[in-house]
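K.L.:
I have a structure I would like to understand better, so I am pasting it below and will then ask my questions one at a time.
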Amino acid sequence: MLGNWFKTGLLMAAIMALFGVAGAAIGGGQGMLIALLFGLATNLWAYWFSDAMVLRLYNAHEVDAATAPQLYGAVRDLAARAGLPMPRVYLIDEAQPNAFATGRNPEHAAVAATRGIVELLNARELRGVLAHELTHVRNRDMLTSTITASIAGAISALAHFGMFFGNRDDGERNPLMALLVMILAPIAAVLIQLAISRGREYEADRGGAEISGDPAALADALAKMERYTKGLPLPPAEEHPATAQMMIVNPLHDGGLAGLFSTHPPIEERIRRLLALASQYQRGLQPR
């Protein structure tokens, strides 16, 4: 747990540094001060409210045992198996099969799933996916995910603002520097996400297999989702690509340089590791 708090603190410090560099490039010393204050305010806002913002971006609506009995019941059972408080459960009315967890800690967590994933997967496979998301809750990964998703967009907005309104201390505009920051600042934010998220997905796969007791179920679910997500867009993710790293599988249609910044490890490798775990379970061995 201390490791995750350290990662979150390091992430916030790096984001503050990005804001400072962007502000200095756009507006000199005064610009740096304004950007740092903006970065601090954004960090504080993201800690408390970014989960609600992400859920709004995806037009997610909360469900319960009466409105979504299969989804809600599976989350309730798996949360109990994991020793977690019952998270809020949300349904996203999108055809692409996908899911994510959000919230600042296990006591304020939410699990969201698309209509597509509920319709595509059987009960066993859906439990595997939800167990994966609950592992993110247990490991407190979702705070980092949600903060990066919200602040990456804020960095882009700051750079874009500076492109048109930034002045140096001598009163002259520096449009070339502002353009450079506009391009590089969002890339730097994505690189921060990459440093955190790839290994985290493997760990969530392993933890989800442990919670559900069925590693092959998640492997089967990933294989199905990989086939279907390629042909079905997820408009909120396309409009807000910084949120894509929160999903269990990459929701974006990668093309050109976009593939270089994928925050998800290869599905084939995830499936290979899960099937190896399943083999250990079948032989009665303690998973490593």
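Just remember, in the structure tokens the first chain shown is A, the second B, etc., residues are 1-based per chain, and ligands are 1-based in the order shown.
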Within 9 Å of Arg138 in chain A, counting only C-alpha atoms, which residues show up once you throw out same-chain ones fewer than 6 positions away? Write them as JSON, numbers by chain, please.

P.N.:
{"A": [82, 83, 84, 105, 106]}

K.L.:
Give me the range 51-139 of chain A side of the contact with range 207-224 of chain A, cut-off 7 Å, one line per residue showing its nearest atom pair and distance in Å at one decimal, counting only C-alpha atoms, sorted by chain and residue number, as CSV.

P.N.:
```
residue,atom,partner,partner_atom,distance
A:Leu78,CA,A:Ile211,CA,6.8
A:Arg81,CA,A:Ile211,CA,6.4
A:Ala82,CA,A:Ile211,CA,5.9
A:Leu121,CA,A:Ala221,CA,6.6
A:Arg124,CA,A:Ala217,CA,6.0
A:Glu125,CA,A:Ala217,CA,4.7
A:Arg127,CA,A:Ser212,CA,6.8
A:Gly128,CA,A:Leu218,CA,4.5
A:Val129,CA,A:Leu218,CA,5.9
A:Ala131,CA,A:Gly208,CA,4.3
A:His132,CA,A:Gly208,CA,4.0
A:Thr135,CA,A:Gly207,CA,5.6
```

K.L.:
CA of Leu71 in chain A and CA of Ile92 in chain A are how many Å apart?

P.N.:
11.9 Å

K.L.:
Report as JSON lines the residues of range 94-157 of chain A within 7 Å of range 228-232 of chain A, each with its shortest atom pair and distance in Å (one decimal), using only C-alpha atoms, ordered by chain and increasing residue number.

P.N.:
```
{"residue": "A:Ala95", "atom": "CA", "partner": "A:Leu232", "partner_atom": "CA", "distance": 6.9}
{"residue": "A:Gln96", "atom": "CA", "partner": "A:Leu232", "partner_atom": "CA", "distance": 5.3}
{"residue": "A:Pro97", "atom": "CA", "partner": "A:Thr229", "partner_atom": "CA", "distance": 6.5}
```

K.L.:
Could you write those residues out with C-alpha atoms, as a PDB file, in the first residue's frame?

P.N.:
```
ATOM      1  CA  ALA A  95     -21.687  -1.583 -27.354  1.00  0.00           C
ATOM      2  CA  GLN A  96     -17.922  -2.025 -27.011  1.00  0.00           C
ATOM      3  CA  PRO A  97     -17.137  -4.649 -24.319  1.00  0.00           C
TER       4      PRO A  97
END
```

K.L.:
Residues near range 244-249 of chain A, anyone? I mean within 6 Å using only C-alpha atoms, not counting same-chain ones fewer than 4 positions away, as a ChimeraX atom specification.

P.N.:
/A:99-100,145,237,263

K.L.:
Which distance in Å separates CA of Leu36 in chain A and CA of Ala242 in chain A, to one decimal?

P.N.:
21.1 Å

K.L.:
Rank A:Glu226, A:Gln282, A:Ala204, A:Met16 by their smallest atom-to-atom distance to Ile117 in chain A, using only C-alpha atoms, and report the top residue only.

P.N.:
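Result for the nearest residue to Ile117 in chain A: A:Glu226.
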
K.L.:
Might you pull out every residue within 9 Å of Arg104 in chain A, with only C-alpha atoms counted and same-chain residues fewer than 5 positions away left off, and present them as a ChimeraX atom specification?

P.N.:
/A:47-51,109,137,140-144,146

K.L.:
Okay, now the selection with N, CA and C atoms, as a short mmCIF file (atom, residue, chain, number, x, y, z; two decimals), in the first residue's frame?

P.N.:
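Result file follows (selection_25.cif):
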```
data_model
loop_
_atom_site.label_atom_id
_atom_site.label_comp_id
_atom_site.auth_asym_id
_atom_site.auth_seq_id
_atom_site.Cartn_x
_atom_site.Cartn_y
_atom_site.Cartn_z
N TYR A 47 -7.89 14.60 -6.86
CA TYR A 47 -7.92 13.62 -5.77
C TYR A 47 -9.36 13.40 -5.29
N TRP A 48 -10.12 14.46 -5.17
CA TRP A 48 -11.45 14.35 -4.58
C TRP A 48 -12.56 14.08 -5.60
N PHE A 49 -12.42 14.59 -6.82
CA PHE A 49 -13.57 14.58 -7.73
C PHE A 49 -13.34 13.92 -9.09
N SER A 50 -12.13 13.44 -9.38
CA SER A 50 -11.86 12.93 -10.72
C SER A 50 -12.66 11.67 -11.03
N ASP A 51 -12.99 10.87 -10.02
CA ASP A 51 -13.78 9.66 -10.29
C ASP A 51 -15.17 10.03 -10.82
N ALA A 109 -14.98 3.49 -3.90
CA ALA A 109 -14.67 2.89 -5.20
C ALA A 109 -15.94 2.69 -6.02
N VAL A 137 -8.97 -2.13 -7.29
CA VAL A 137 -9.49 -1.46 -6.10
C VAL A 137 -8.66 -1.86 -4.88
N ARG A 140 -5.34 -0.30 -4.84
CA ARG A 140 -5.41 1.16 -4.88
C ARG A 140 -4.79 1.72 -6.16
N ASP A 141 -4.91 0.99 -7.25
CA ASP A 141 -4.41 1.45 -8.54
C ASP A 141 -5.28 2.54 -9.13
N MET A 142 -6.57 2.52 -8.81
CA MET A 142 -7.50 3.36 -9.57
C MET A 142 -7.31 4.84 -9.26
N LEU A 143 -6.76 5.20 -8.10
CA LEU A 143 -6.50 6.62 -7.81
C LEU A 143 -5.50 7.17 -8.81
N THR A 144 -4.40 6.42 -9.01
CA THR A 144 -3.39 6.86 -9.97
C THR A 144 -3.97 6.94 -11.37
N THR A 146 -7.11 7.40 -12.32
CA THR A 146 -8.08 8.47 -12.50
C THR A 146 -7.40 9.83 -12.51
#
```

K.L.:
Take CA of Val111 in chain A and CA of Val89 in chain A and report the distance between them in Å, one decimal.

P.N.:
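About the pair CA of Val111 in chain A and CA of Val89 in chain A: they are 5.1 Å apart.
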
K.L.:
If you count only C-alpha atoms, which residues fall within 8 Å of Met86 in chain A, apart from same-chain ones fewer than 3 positions away, as a count of residues only?

P.N.:
4

K.L.:
Using only C-alpha atoms, which of A:Ala13, A:Leu91, A:Val63, A:Met53 sits nearest Leu40 in chain A?

P.N.:
A:Ala13

K.L.:
For Glu133 in chain A, work out the shell of residues within 6 Å, counting only C-alpha atoms and skipping chain neighbours fewer than 3 positions away, then give it as a PyMOL selection string.

P.N.:
chain A and resi 101+130+136

K.L.:
Would you output that residue set with N, CA and C atoms, as a short mmCIF file (atom, residue, chain, number, x, y, z; two decimals), in the first residue's frame?

P.N.:
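Output contents, as saved in part.cif:
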```cif
data_model
loop_
_atom_site.label_atom_id
_atom_site.label_comp_id
_atom_site.auth_asym_id
_atom_site.auth_seq_id
_atom_site.Cartn_x
_atom_site.Cartn_y
_atom_site.Cartn_z
N ALA A 101 -12.38 0.45 -13.15
CA ALA A 101 -12.64 0.80 -11.75
C ALA A 101 -12.12 2.20 -11.50
N LEU A 130 -14.62 -8.72 -13.64
CA LEU A 130 -14.93 -7.92 -12.45
C LEU A 130 -13.91 -8.18 -11.34
N HIS A 136 -7.71 -4.02 -8.88
CA HIS A 136 -7.27 -2.62 -8.97
C HIS A 136 -7.75 -1.85 -7.74
#
```
